[in-house]
file start13.tsv (TSV, C-alpha atoms)
chain	number	residue	atom	x	y	z
Z	16	MET	CA	0.00	0.00	0.00
Z	17	ALA	CA	1.31	3.43	-0.98
Z	18	MET	CA	1.47	6.04	1.76
Z	19	GLU	CA	-0.27	9.42	1.64
Z	20	ASN	CA	3.07	11.22	1.83
Z	21	SER	CA	4.59	9.47	-1.22
Z	22	CYS	CA	5.84	12.55	-3.09
Z	23	PHE	CA	7.78	12.79	-6.35
Z	24	ASP	CA	9.13	15.36	-8.78
Z	25	ALA	CA	7.12	13.70	-11.55
Z	26	ILE	CA	4.61	10.90	-11.95
Z	27	VAL	CA	4.37	9.20	-15.34
Z	28	ILE	CA	1.11	7.43	-16.21
Z	29	GLY	CA	1.70	4.75	-18.85
Z	30	LEU	CA	5.03	2.91	-19.14
Z	31	GLY	CA	4.96	1.87	-22.78
Z	32	SER	CA	6.97	3.48	-25.55
Z	33	MET	CA	6.95	7.11	-24.42
Z	34	GLY	CA	6.43	6.58	-20.71
Z	35	SER	CA	9.46	4.34	-20.34
Z	36	ALA	CA	11.52	6.92	-22.24
Z	37	ALA	CA	10.21	9.74	-20.06
Z	38	CYS	CA	11.12	7.86	-16.86
Z	39	TRP	CA	14.59	7.18	-18.25
Z	40	ARG	CA	15.27	10.80	-19.21
Z	41	LEU	CA	13.77	12.28	-16.04
Z	42	ALA	CA	15.64	9.97	-13.68
Z	43	GLN	CA	18.83	10.46	-15.69
Z	44	ARG	CA	18.62	14.15	-14.77
Z	45	GLY	CA	18.24	13.39	-11.09
Z	46	ALA	CA	14.47	13.75	-10.79
Z	47	LYS	CA	12.55	11.60	-8.30
Z	48	VAL	CA	10.20	9.68	-10.61
Z	49	LEU	CA	7.27	7.31	-10.21
Z	50	GLY	CA	5.96	5.37	-13.20
Z	51	LEU	CA	2.50	3.78	-13.07
Z	52	ASP	CA	0.88	1.28	-15.44
Z	53	THR	CA	-2.27	-0.82	-15.39
Z	54	PHE	CA	-0.38	-3.65	-17.09
Z	55	SER	CA	3.23	-4.86	-17.09
Z	56	PRO	CA	5.01	-3.39	-20.12
Z	57	PRO	CA	6.01	-4.57	-22.58
Z	58	HIS	CA	2.67	-6.20	-23.38
Z	59	ARG	CA	0.26	-6.84	-26.26
Z	60	ARG	CA	-2.57	-4.49	-25.29
Z	61	GLY	CA	-1.09	-1.25	-26.63
Z	62	SER	CA	0.70	0.00	-29.72
Z	63	HIS	CA	4.15	-1.54	-29.23
Z	64	GLY	CA	3.36	-5.21	-29.92
Z	65	GLY	CA	4.51	-7.11	-32.95
Z	66	ASP	CA	8.25	-7.74	-32.45
Z	67	SER	CA	9.64	-4.89	-34.60
Z	68	ARG	CA	9.27	-1.23	-35.53
Z	69	ILE	CA	10.86	0.57	-38.47
Z	70	VAL	CA	13.25	3.46	-37.74
Z	71	ARG	CA	13.83	5.87	-40.64
Z	72	LEU	CA	15.16	9.40	-41.06
Z	73	ALA	CA	13.97	10.61	-44.49
Z	74	TYR	CA	10.52	11.14	-43.05
Z	75	PHE	CA	7.90	11.28	-45.79
Z	76	GLU	CA	5.07	12.38	-43.46
Z	77	HIS	CA	6.63	15.82	-42.88
Z	78	PRO	CA	10.20	17.14	-42.83
Z	79	ASP	CA	9.58	18.85	-39.47
Z	80	TYR	CA	9.94	15.41	-37.87
Z	81	VAL	CA	13.55	15.00	-39.02
Z	82	PRO	CA	15.22	17.00	-36.18
Z	83	LEU	CA	13.27	14.88	-33.67
Z	84	LEU	CA	14.47	11.76	-35.45
Z	85	GLN	CA	18.08	12.92	-35.39
Z	86	LYS	CA	17.73	13.27	-31.63
Z	87	ALA	CA	16.07	9.83	-31.44
Z	88	TYR	CA	18.90	8.20	-33.40
Z	89	GLN	CA	21.35	9.52	-30.79
Z	90	GLY	CA	19.11	8.15	-28.05
Z	91	TRP	CA	18.85	4.67	-29.59
Z	92	ASP	CA	22.63	4.50	-29.86
Z	93	GLU	CA	23.02	5.73	-26.28
Z	94	LEU	CA	20.61	3.04	-25.06
Z	95	ALA	CA	22.45	0.36	-27.04
Z	96	GLU	CA	25.78	1.41	-25.54
Z	97	TRP	CA	24.28	1.25	-22.03
Z	98	LYS	CA	22.56	-2.10	-22.67
Z	99	GLY	CA	25.44	-3.65	-24.60
Z	100	ILE	CA	23.02	-4.88	-27.30
Z	101	ALA	CA	22.14	-3.42	-30.70
Z	102	VAL	CA	18.68	-2.08	-29.89
Z	103	PHE	CA	18.43	-0.37	-33.30
Z	104	GLU	CA	19.58	-2.65	-36.13
Z	105	ARG	CA	20.45	-0.77	-39.32
Z	106	THR	CA	19.32	-3.12	-42.07
Z	107	GLY	CA	18.51	-0.32	-44.51
Z	108	LEU	CA	15.03	0.57	-45.79
Z	109	LEU	CA	13.56	0.33	-49.29
Z	110	TYR	CA	10.86	2.69	-50.56
Z	111	PHE	CA	8.72	1.55	-53.51
Z	112	GLY	CA	6.02	3.68	-55.12
Z	113	PRO	CA	4.93	6.02	-57.91
Z	114	THR	CA	7.19	9.07	-58.10
Z	115	HIS	CA	4.32	11.43	-57.25
Z	116	HIS	CA	3.17	9.45	-54.18
Z	117	PRO	CA	3.89	11.15	-50.80
Z	118	LEU	CA	5.94	8.11	-49.73
Z	119	ILE	CA	8.48	8.92	-52.46
Z	120	SER	CA	8.14	12.69	-52.87
Z	121	GLY	CA	8.02	13.25	-49.09
Z	122	ALA	CA	11.08	11.09	-48.41
Z	123	LEU	CA	13.04	12.95	-51.10
Z	124	GLU	CA	11.93	16.32	-49.70
Z	125	SER	CA	13.06	15.44	-46.16
Z	126	SER	CA	16.31	14.14	-47.62
Z	127	ARG	CA	16.86	17.39	-49.51
Z	128	LEU	CA	16.06	19.71	-46.62
Z	129	TYR	CA	18.15	17.87	-44.01
Z	130	SER	CA	20.82	16.20	-46.16
Z	131	VAL	CA	19.60	12.74	-45.19
Z	132	PRO	CA	21.46	10.17	-47.33
Z	133	ILE	CA	19.01	8.36	-49.60
Z	134	GLU	CA	19.76	6.88	-52.99
Z	135	ARG	CA	18.03	5.61	-56.09
Z	136	ALA	CA	18.16	1.83	-56.21
Z	137	SER	CA	17.47	-0.76	-58.86
Z	138	VAL	CA	14.47	-3.03	-58.38
Z	139	THR	CA	16.46	-5.78	-60.07
Z	140	ASN	CA	18.66	-5.94	-56.98
Z	141	TYR	CA	15.63	-7.10	-54.98
Z	142	PRO	CA	14.01	-9.97	-56.93
Z	143	LEU	CA	11.57	-10.68	-54.08
Z	144	PHE	CA	9.58	-7.60	-55.15
Z	145	HIS	CA	7.50	-7.55	-58.34
Z	146	VAL	CA	6.63	-3.86	-58.69
Z	147	PRO	CA	5.29	-1.93	-61.73
Z	148	HIS	CA	7.97	-0.79	-64.18
Z	149	ASP	CA	7.25	2.89	-63.48
Z	150	TYR	CA	7.71	2.59	-59.70
Z	151	CYS	CA	10.55	4.49	-58.08
Z	152	CYS	CA	12.85	2.54	-55.77
Z	153	LEU	CA	14.83	4.33	-53.05
Z	154	LEU	CA	17.23	2.98	-50.44
Z	155	GLU	CA	17.94	4.63	-47.08
Z	156	ARG	CA	20.93	2.72	-45.74
Z	157	ASN	CA	20.94	4.30	-42.26
Z	158	ALA	CA	17.45	3.01	-41.45
Z	159	GLY	CA	16.34	-0.28	-39.95
Z	160	PHE	CA	14.31	-1.62	-37.07
Z	161	VAL	CA	14.02	-1.58	-33.29
Z	162	ARG	CA	12.71	-4.47	-31.21
Z	163	PRO	CA	10.06	-2.68	-29.10
Z	164	ASP	CA	9.96	-5.18	-26.24
Z	165	LEU	CA	13.74	-5.02	-25.84
Z	166	ALA	CA	13.72	-1.22	-26.13
Z	167	ILE	CA	11.02	-0.70	-23.49
Z	168	GLN	CA	12.68	-3.14	-21.10
Z	169	ALA	CA	16.02	-1.39	-21.61
Z	170	MET	CA	14.57	2.09	-21.04
Z	171	LEU	CA	12.78	0.96	-17.88
Z	172	GLU	CA	15.95	-0.73	-16.60
Z	173	ALA	CA	17.99	2.39	-17.34
Z	174	ALA	CA	15.39	4.51	-15.54
Z	175	GLN	CA	15.52	2.21	-12.51
Z	176	GLN	CA	19.30	2.38	-12.46
Z	177	TYR	CA	18.95	6.15	-12.05
Z	178	GLY	CA	16.41	5.70	-9.25
Z	179	SER	CA	13.03	5.73	-11.02
Z	180	GLN	CA	10.36	3.71	-9.20
Z	181	HIS	CA	7.80	1.72	-11.20
Z	182	ARG	CA	4.51	0.26	-10.07
Z	183	THR	CA	2.81	-2.01	-12.61
Z	184	GLN	CA	-0.49	-3.87	-12.45
Z	185	GLU	CA	-1.76	-0.76	-10.68
Z	186	ARG	CA	-4.65	1.10	-12.27
Z	187	VAL	CA	-4.98	4.87	-11.87
Z	188	LEU	CA	-8.46	5.76	-10.62
Z	189	GLU	CA	-8.23	9.56	-10.78
Z	190	TRP	CA	-5.84	12.48	-10.55
Z	191	LYS	CA	-6.27	16.04	-9.34
Z	192	HIS	CA	-4.33	19.27	-9.65
Z	193	GLU	CA	-4.87	21.26	-6.48
Z	194	ARG	CA	-2.93	23.74	-4.38
Z	195	GLY	CA	-0.02	23.68	-6.78
Z	196	GLU	CA	0.57	19.92	-6.77
Z	197	ILE	CA	-0.67	16.74	-8.42
Z	198	ARG	CA	-2.40	13.98	-6.51
Z	199	VAL	CA	-2.84	10.59	-8.17
Z	200	ASN	CA	-5.16	7.97	-6.69
Z	201	THR	CA	-4.65	4.35	-7.72
Z	202	GLU	CA	-6.13	1.03	-6.66
Z	203	ARG	CA	-3.37	0.75	-4.07
Z	204	GLY	CA	-2.78	4.21	-2.74
Z	205	ILE	CA	-2.19	7.92	-3.17
Z	206	TYR	CA	0.87	9.60	-4.69
Z	207	ARG	CA	1.79	13.25	-4.94
Z	208	ALA	CA	4.06	15.06	-7.36
Z	209	LYS	CA	5.04	18.45	-8.70
Z	210	LYS	CA	4.37	17.33	-12.29
Z	211	LEU	CA	2.24	14.74	-14.07
Z	212	ILE	CA	3.19	13.23	-17.43
Z	213	VAL	CA	0.50	11.29	-19.31
Z	214	THR	CA	1.73	8.79	-21.89
Z	215	ALA	CA	-1.14	6.33	-21.61
Z	216	GLY	CA	-1.57	5.55	-25.32
Z	217	ALA	CA	-4.99	4.07	-26.05
Z	218	TRP	CA	-6.04	4.96	-22.48
Z	219	GLY	CA	-5.04	8.62	-22.89
Z	220	GLY	CA	-8.63	9.74	-23.36
Z	221	SER	CA	-9.59	7.97	-20.13
Z	222	VAL	CA	-6.85	9.70	-18.14
Z	223	LEU	CA	-7.39	13.10	-19.80
Z	224	ALA	CA	-11.08	13.39	-20.60
Z	225	GLN	CA	-10.45	16.77	-22.28
Z	226	LEU	CA	-8.62	14.95	-25.09
Z	227	LYS	CA	-10.96	12.00	-25.58
Z	228	ALA	CA	-12.62	13.49	-28.66
Z	229	GLN	CA	-9.24	13.96	-30.37
Z	230	LEU	CA	-8.05	10.38	-29.84
Z	231	GLN	CA	-9.51	7.54	-31.88
Z	232	VAL	CA	-8.19	4.07	-31.15
Z	233	SER	CA	-8.07	1.52	-33.95
Z	234	LEU	CA	-7.19	-2.16	-34.08
Z	235	GLN	CA	-4.38	-2.98	-36.52
Z	236	THR	CA	-3.59	-6.32	-38.11
Z	237	LEU	CA	0.00	-7.57	-38.29
Z	238	VAL	CA	0.83	-10.57	-40.47
Z	239	TRP	CA	3.72	-13.03	-40.66
Z	240	ALA	CA	4.09	-15.12	-43.83
Z	241	LYS	CA	6.30	-18.17	-44.35
Z	242	ALA	CA	8.62	-17.70	-47.31
Z	243	LYS	CA	9.08	-20.56	-49.78
Z	244	ASN	CA	12.72	-19.49	-50.06
Z	245	PRO	CA	13.72	-18.35	-46.54
Z	246	ALA	CA	17.14	-17.15	-47.70
Z	247	GLN	CA	15.46	-14.34	-49.68
Z	248	VAL	CA	13.91	-12.79	-46.57
Z	249	ALA	CA	16.78	-13.24	-44.14
Z	250	VAL	CA	18.27	-10.38	-42.14
Z	251	GLY	CA	21.39	-9.31	-44.01
Z	252	THR	CA	19.79	-10.08	-47.37
Z	253	LEU	CA	16.52	-8.18	-47.21
Z	254	PRO	CA	16.23	-4.62	-45.84
Z	255	CYS	CA	13.07	-3.34	-44.21
Z	256	TRP	CA	10.69	-1.94	-46.81
Z	257	THR	CA	7.76	0.40	-47.46
Z	258	LEU	CA	5.44	0.29	-50.45
Z	259	ALA	CA	2.75	2.61	-51.80
Z	260	ASP	CA	-0.21	1.19	-53.72
Z	261	GLU	CA	-2.74	3.72	-54.97
Z	262	GLN	CA	-5.66	1.32	-54.52
Z	263	TYR	CA	-5.27	1.74	-50.75
Z	264	PRO	CA	-4.84	4.62	-48.31
Z	265	GLY	CA	-1.61	4.83	-46.35
Z	266	ILE	CA	1.28	2.50	-47.13
Z	267	PHE	CA	2.35	-1.11	-46.63
Z	268	TYR	CA	5.54	-1.98	-44.80
Z	269	GLY	CA	7.53	-4.99	-43.76
Z	270	PHE	CA	10.66	-6.54	-42.31
Z	271	PRO	CA	13.12	-9.31	-43.01
Z	272	ALA	CA	12.55	-12.49	-41.01
Z	273	ILE	CA	14.00	-11.53	-37.63
Z	274	PRO	CA	15.44	-14.26	-35.38
Z	275	SER	CA	14.18	-14.37	-31.80
Z	276	MET	CA	16.66	-13.07	-29.23
Z	277	VAL	CA	15.54	-15.86	-26.87
Z	278	ASP	CA	16.00	-19.03	-28.94
Z	279	GLY	CA	16.88	-17.91	-32.46
Z	280	SER	CA	13.58	-19.14	-33.89
Z	281	ILE	CA	12.20	-17.22	-36.87
Z	282	ARG	CA	8.54	-16.25	-36.94
Z	283	GLY	CA	8.47	-15.27	-40.60
Z	284	PHE	CA	8.32	-12.33	-42.99
Z	285	LYS	CA	6.27	-9.60	-41.30
Z	286	LEU	CA	4.11	-7.11	-43.17
Z	287	ALA	CA	1.21	-4.79	-42.36
Z	288	HIS	CA	-0.96	-2.00	-43.71
Z	289	HIS	CA	-0.25	1.41	-42.19
Z	290	ALA	CA	-3.70	3.04	-42.22
Z	291	PRO	CA	-6.31	3.31	-39.46
Z	292	GLY	CA	-8.03	-0.02	-38.94
Z	293	ILE	CA	-11.21	-1.04	-37.12
Z	294	THR	CA	-12.30	1.52	-34.49
Z	295	VAL	CA	-11.98	0.30	-30.90
Z	296	THR	CA	-14.82	1.61	-28.75
Z	297	ASP	CA	-13.86	-0.14	-25.50
Z	298	VAL	CA	-10.11	-0.01	-24.85
Z	299	ASP	CA	-10.41	-2.19	-21.75
Z	300	ARG	CA	-11.82	-5.11	-23.74
Z	301	GLU	CA	-9.36	-7.77	-24.87
Z	302	ASP	CA	-8.57	-7.41	-28.54
Z	303	PRO	CA	-10.68	-9.73	-30.73
Z	304	VAL	CA	-9.27	-12.14	-33.27
Z	305	PRO	CA	-8.90	-10.14	-36.52
Z	306	GLN	CA	-11.75	-10.63	-38.96
Z	307	PRO	CA	-10.96	-12.11	-42.39
Z	308	ASP	CA	-11.72	-8.82	-44.17
Z	309	SER	CA	-8.94	-7.12	-42.18
Z	310	LEU	CA	-6.49	-9.38	-44.01
Z	311	ALA	CA	-7.83	-8.64	-47.49
Z	312	SER	CA	-5.46	-5.77	-48.30
Z	313	VAL	CA	-2.39	-7.66	-47.03
Z	314	ARG	CA	-3.30	-10.79	-48.99
Z	315	ASP	CA	-3.79	-8.66	-52.09
Z	316	ILE	CA	-0.34	-7.07	-51.65
Z	317	LEU	CA	1.24	-10.51	-51.15
Z	318	ASP	CA	-0.46	-11.83	-54.29
Z	319	ARG	CA	0.44	-8.89	-56.52
Z	320	TYR	CA	3.87	-7.82	-55.29
Z	321	PHE	CA	5.21	-11.18	-54.03
Z	322	PRO	CA	3.49	-13.73	-56.32
Z	323	ASN	CA	3.97	-17.40	-55.41
Z	324	GLN	CA	6.70	-16.62	-52.89
Z	325	PHE	CA	4.85	-17.32	-49.63
Z	326	GLU	CA	2.75	-20.09	-48.14
Z	327	ASP	CA	-1.00	-19.49	-47.93
Z	328	GLU	CA	-1.25	-19.82	-44.17
Z	329	LEU	CA	-0.59	-16.58	-42.29
Z	330	GLU	CA	0.15	-15.90	-38.63
Z	331	VAL	CA	-1.82	-12.91	-37.35
Z	332	GLU	CA	-1.56	-10.58	-34.37
Z	333	THR	CA	-3.04	-7.20	-33.47
Z	334	CYS	CA	-1.85	-3.95	-31.98
Z	335	ARG	CA	-3.53	-0.59	-31.46
Z	336	TYR	CA	-3.07	2.81	-33.01
Z	337	THR	CA	-4.18	5.89	-31.08
Z	338	ASN	CA	-4.94	8.27	-33.93
Z	339	SER	CA	-4.99	12.06	-33.75
Z	340	PRO	CA	-7.31	13.98	-36.12
Z	341	ASP	CA	-4.47	14.75	-38.55
Z	342	GLY	CA	-2.17	11.79	-37.93
Z	343	ASP	CA	0.50	13.91	-36.21
Z	344	PHE	CA	1.51	13.54	-32.57
Z	345	ILE	CA	0.01	15.72	-29.83
Z	346	ILE	CA	2.56	16.95	-27.27
Z	347	ASP	CA	1.56	19.78	-24.96
Z	348	SER	CA	0.66	20.80	-21.43
Z	349	LEU	CA	-2.90	20.80	-20.17
Z	350	PRO	CA	-4.50	24.28	-19.95
Z	351	ASP	CA	-5.23	25.71	-16.51
Z	352	THR	CA	-2.63	23.55	-14.76
Z	353	ASN	CA	0.28	26.01	-14.86
Z	354	GLN	CA	2.19	23.49	-17.01
Z	355	SER	CA	1.97	20.92	-14.23
Z	356	VAL	CA	0.34	18.34	-16.52
Z	357	VAL	CA	2.22	17.38	-19.68
Z	358	TYR	CA	1.10	14.78	-22.20
Z	359	ALA	CA	2.29	12.98	-25.32
Z	360	LEU	CA	-0.52	11.17	-27.13
Z	361	GLY	CA	-2.00	10.43	-30.55
Z	362	PHE	CA	1.10	8.88	-32.10
Z	363	SER	CA	-1.08	7.43	-34.87
Z	364	GLY	CA	0.98	4.31	-35.45
Z	365	HIS	CA	4.28	5.98	-36.35
Z	366	GLY	CA	5.64	7.11	-33.00
Z	367	PHE	CA	7.80	4.33	-31.59
Z	368	LYS	CA	10.95	5.30	-33.49
Z	369	PHE	CA	10.87	8.70	-31.73
Z	370	ALA	CA	10.72	7.38	-28.16
Z	371	PRO	CA	14.16	8.48	-26.84
Z	372	ALA	CA	13.61	12.00	-28.23
Z	373	ILE	CA	10.06	12.24	-26.87
Z	374	GLY	CA	11.42	11.19	-23.48
Z	375	GLU	CA	13.83	14.13	-23.61
Z	376	VAL	CA	11.06	16.50	-24.66
Z	377	LEU	CA	8.84	15.39	-21.77
Z	378	ALA	CA	11.69	15.70	-19.28
Z	379	ASP	CA	12.37	19.22	-20.57
Z	380	LEU	CA	8.71	20.24	-20.29
Z	381	ALA	CA	8.29	18.73	-16.83
Z	382	LEU	CA	11.50	20.08	-15.31
Z	383	ALA	CA	12.03	23.37	-17.18
Z	384	GLY	CA	8.63	24.20	-18.64
Z	385	GLU	CA	10.06	24.40	-22.15
Z	386	THR	CA	12.24	22.52	-24.62
Z	387	GLN	CA	14.73	23.53	-27.29
Z	388	ILE	CA	13.77	20.48	-29.34
Z	389	PRO	CA	11.46	21.74	-32.13
Z	390	ILE	CA	7.98	20.39	-31.36
Z	391	GLY	CA	5.85	23.47	-32.04
Z	392	PHE	CA	4.12	21.76	-34.95
Z	393	LEU	CA	2.86	19.05	-32.57
Z	394	SER	CA	1.12	21.45	-30.18
Z	395	ALA	CA	-2.56	20.89	-29.40
Z	396	GLY	CA	-3.10	24.52	-30.37
Z	397	ARG	CA	-3.39	23.46	-34.00
Z	398	PHE	CA	-6.83	22.02	-33.26
Z	399	ARG	CA	-8.21	25.21	-31.69
call {"tool": "encode", "arguments": {"input": "start13.tsv", "output": "structure tokens"}}
result
Amino acid sequence: MAMENSCFDAIVIGLGSMGSAACWRLAQRGAKVLGLDTFSPPHRRGSHGGDSRIVRLAYFEHPDYVPLLQKAYQGWDELAEWKGIAVFERTGLLYFGPTHHPLISGALESSRLYSVPIERASVTNYPLFHVPHDYCCLLERNAGFVRPDLAIQAMLEAAQQYGSQHRTQERVLEWKHERGEIRVNTERGIYRAKKLIVTAGAWGGSVLAQLKAQLQVSLQTLVWAKAKNPAQVAVGTLPCWTLADEQYPGIFYGFPAIPSMVDGSIRGFKLAHHAPGITVTDVDREDPVPQPDSLASVRDILDRYFPNQFEDELEVETCRYTNSPDGDFIIDSLPDTNQSVVYALGFSGHGFKFAPAIGEVLADLALAGETQIPIGFLSAGRFR
């Protein structure tokens, strides 16, 4: 049972991608930190499931993200040095699509503005892909993937080494800002702090009711396919990849077959459709088994771009996106709290790669009230 006088510099609600990073960066600066989570991260109820996340720098969504990514790259390397394991594996990343598609034009624009190395590549070097003759093919060599479970565990361990305290399997019931401090009530007790940081992902709208209308949670389908020729999809042979198909919104993306860090087993060639999926109305309900129609787009992409190269049977898993109205992150402080409540929400399925940088941003905002890292374009003010 927590005691009434449990007092901290900052309390972080939600210890997934961004919350674990926030605890790490806060504690690293000497802050007294408490992290709270209803579950035990890493887990399969949020947005970080699925074994792997792409990390890329030539950001097609908007070039304003590139400085944040440069900071994140430094953070991933710092975490790897501390952990002694390659948390971010630079396999390279392929981009396939029509020249005019935002995937291609946006990546080239970010590359131009920030001198991000990206090169034209020949499709013939990647016989696994059967793309239209007029598709552009780009290669970003300094991209790759992060294992989210490993990354979250490492960030939480680093935070604990600096003194951060974490309480999992402990649901937050309510919080209040009163008399210049934060009080958080959980199932097990009461905690007080100078600052509150909310990084609760799909539960963000439950913790901050003011933001509920701006956060739509969707269920996403992730697929693993068994290659008929496993050597073609092995790490070291196949880079990560993204692909634009104008029949569908968003993009498709995938990974080489990544060996397990536990026993070396290989699950298969992972791919998914990056576009909002089925709306989740009850975030506390266990995720259902994906419906067959949620696999239709992925099966179509396998049939058309990878004909006769994979077995018919697919392994399927789900994760959740918490989507903002415009697909960009929302990072700000809550009005009328004198900057005592800071939040990072609405990562819309493309946030994990930024985690070390977002952790720094949140530590800046909580401890100094401002940050030099350029996040103005992610302010909630854009919706007012």
call {"tool": "atom_distance", "arguments": {"input": "start13.tsv", "atom1": "atom CA of Z:Tyr129", "atom2": "atom CA of Z:Tyr80"}}
result
10.5 Å
call {"tool": "residues_around", "arguments": {"input": "start13.tsv", "residues": "Z:Leu123", "least_positions_apart": "6", "cutoff": "12 Å", "atoms": "all atoms listed in the file", "output": "MDAnalysis selection string"}}
result
chainID Z and resid 72:78 110 114:117 129:135 151:155
call {"tool": "residues_around", "arguments": {"input": "start13.tsv", "residues": "stretch 136-140 of chain Z", "least_positions_apart": "2", "cutoff": "12 Å", "atoms": "all atoms listed in the file", "output": "ChimeraX atom specification"}}
result
/Z:107-112,133-134,142-156,247,252-254
call {"tool": "residues_around", "arguments": {"input": "start13.tsv", "residues": "Z:Ala290", "least_positions_apart": "6", "cutoff": "10 Å", "atoms": "all atoms listed in the file", "output": "ChimeraX atom specification"}}
result
/Z:233,235,263-267,336,338,342,363-364
call {"tool": "residues_around", "arguments": {"input": "start13.tsv", "residues": "Z:Pro340", "least_positions_apart": "3", "cutoff": "10 Å", "atoms": "all atoms listed in the file", "output": "NGL selection string"}}
result
:Z and (228-231 or 343-345 or 361 or 363 or 398)
call {"tool": "closest_residue", "arguments": {"input": "start13.tsv", "among": "Z:Lys98, Z:Gly251, Z:Asp260, Z:Phe392", "to": "Z:Arg319", "atoms": "all atoms listed in the file"}}
result
Z:Asp260
call {"tool": "closest_residue", "arguments": {"input": "start13.tsv", "among": "Z:Gly65, Z:Pro371, Z:Gly220, Z:Gly29", "to": "Z:Thr296", "atoms": "only C-alpha atoms"}}
result
Z:Gly220
call {"tool": "residues_around", "arguments": {"input": "start13.tsv", "residues": "Z:Ile281", "least_positions_apart": "5", "cutoff": "12 Å", "atoms": "only C-alpha atoms", "output": "list in words"}}
result
Asp66, Trp239, Ala240, Lys241, Ala242, Pro245, Ala246, Val248, Ala249, Val250, Pro271, Ala272, Ile273, Pro274, Ser275 and Met276 of chain Z
call {"tool": "closest_residue", "arguments": {"input": "start13.tsv", "among": "Z:Ala370, Z:Leu317, Z:Ile167, Z:Leu226", "to": "Z:Gly269", "atoms": "all atoms listed in the file"}}
result
Z:Leu317
call {"tool": "atom_distance", "arguments": {"input": "start13.tsv", "atom1": "atom CA of Z:Leu223", "atom2": "atom CA of Z:Leu41"}}
result
21.5 Å
call {"tool": "residues_near_point", "arguments": {"input": "start13.tsv", "point": "(-7.3, -4.0, -47.6)", "cutoff": "10 Å", "atoms": "only C-alpha atoms", "output": "VMD selection string"}}
result
chain Z and resid 262 to 264 288 290 292 308 to 316
call {"tool": "closest_residue", "arguments": {"input": "start13.tsv", "among": "Z:Val357, Z:Cys255, Z:Ser62, Z:Leu51", "to": "Z:Leu188", "atoms": "all atoms listed in the file"}}
result
Z:Leu51
call {"tool": "closest_residue", "arguments": {"input": "start13.tsv", "among": "Z:Val277, Z:Val298, Z:Leu234, Z:Leu349", "to": "Z:Arg335", "atoms": "only C-alpha atoms"}}
result
Z:Leu234
call {"tool": "atom_distance", "arguments": {"input": "start13.tsv", "atom1": "atom CA of Z:Leu393", "atom2": "atom CA of Z:Ala25"}}
result
22.1 Å
call {"tool": "closest_residue", "arguments": {"input": "start13.tsv", "among": "Z:Ile26, Z:Ala158, Z:Leu329, Z:Val238", "to": "Z:Ala208", "atoms": "all atoms listed in the file"}}
result
Z:Ile26
call {"tool": "residues_near_point", "arguments": {"input": "start13.tsv", "point": "(7.3, 14.7, -7.4)", "cutoff": "7 Å", "atoms": "all atoms listed in the file", "output": "list in words"}}
result
Cys22, Phe23, Asp24, Ala25, Ile26, Lys47, Val48, Arg207, Ala208, Lys209 and Lys210 of chain Z
call {"tool": "build_atoms", "arguments": {"input": "start13.tsv", "residues": "stretch 36-47 of chain Z", "atoms": "N, CA and C atoms", "output": "PDB file, in the frame of the given file"}}
result
ATOM      1  N   ALA Z  36      10.496   5.944 -21.852  1.00  0.00           N
ATOM      2  CA  ALA Z  36      11.520   6.920 -22.240  1.00  0.00           C
ATOM      3  C   ALA Z  36      11.506   8.131 -21.325  1.00  0.00           C
ATOM      4  N   ALA Z  37      10.314   8.580 -20.944  1.00  0.00           N
ATOM      5  CA  ALA Z  37      10.210   9.740 -20.060  1.00  0.00           C
ATOM      6  C   ALA Z  37      10.819   9.424 -18.690  1.00  0.00           C
ATOM      7  N   CYS Z  38      10.530   8.242 -18.153  1.00  0.00           N
ATOM      8  CA  CYS Z  38      11.120   7.860 -16.860  1.00  0.00           C
ATOM      9  C   CYS Z  38      12.641   7.826 -16.952  1.00  0.00           C
ATOM     10  N   TRP Z  39      13.143   7.266 -18.040  1.00  0.00           N
ATOM     11  CA  TRP Z  39      14.590   7.180 -18.250  1.00  0.00           C
ATOM     12  C   TRP Z  39      15.222   8.570 -18.254  1.00  0.00           C
ATOM     13  N   ARG Z  40      14.670   9.475 -19.072  1.00  0.00           N
ATOM     14  CA  ARG Z  40      15.270  10.800 -19.210  1.00  0.00           C
ATOM     15  C   ARG Z  40      15.099  11.651 -17.955  1.00  0.00           C
ATOM     16  N   LEU Z  41      13.971  11.533 -17.288  1.00  0.00           N
ATOM     17  CA  LEU Z  41      13.770  12.280 -16.040  1.00  0.00           C
ATOM     18  C   LEU Z  41      14.731  11.816 -14.955  1.00  0.00           C
ATOM     19  N   ALA Z  42      14.783  10.507 -14.743  1.00  0.00           N
ATOM     20  CA  ALA Z  42      15.640   9.970 -13.680  1.00  0.00           C
ATOM     21  C   ALA Z  42      17.118  10.221 -13.989  1.00  0.00           C
ATOM     22  N   GLN Z  43      17.455  10.194 -15.271  1.00  0.00           N
ATOM     23  CA  GLN Z  43      18.830  10.460 -15.690  1.00  0.00           C
ATOM     24  C   GLN Z  43      19.273  11.857 -15.268  1.00  0.00           C
ATOM     25  N   ARG Z  44      18.322  12.775 -15.179  1.00  0.00           N
ATOM     26  CA  ARG Z  44      18.620  14.150 -14.770  1.00  0.00           C
ATOM     27  C   ARG Z  44      18.517  14.359 -13.260  1.00  0.00           C
ATOM     28  N   GLY Z  45      18.270  13.287 -12.540  1.00  0.00           N
ATOM     29  CA  GLY Z  45      18.240  13.390 -11.090  1.00  0.00           C
ATOM     30  C   GLY Z  45      16.870  13.607 -10.487  1.00  0.00           C
ATOM     31  N   ALA Z  46      15.820  13.553 -11.306  1.00  0.00           N
ATOM     32  CA  ALA Z  46      14.470  13.750 -10.790  1.00  0.00           C
ATOM     33  C   ALA Z  46      14.005  12.497 -10.032  1.00  0.00           C
ATOM     34  N   LYS Z  47      13.180  12.700  -9.017  1.00  0.00           N
ATOM     35  CA  LYS Z  47      12.550  11.600  -8.300  1.00  0.00           C
ATOM     36  C   LYS Z  47      11.271  11.246  -9.063  1.00  0.00           C
TER      37      LYS Z  47
END
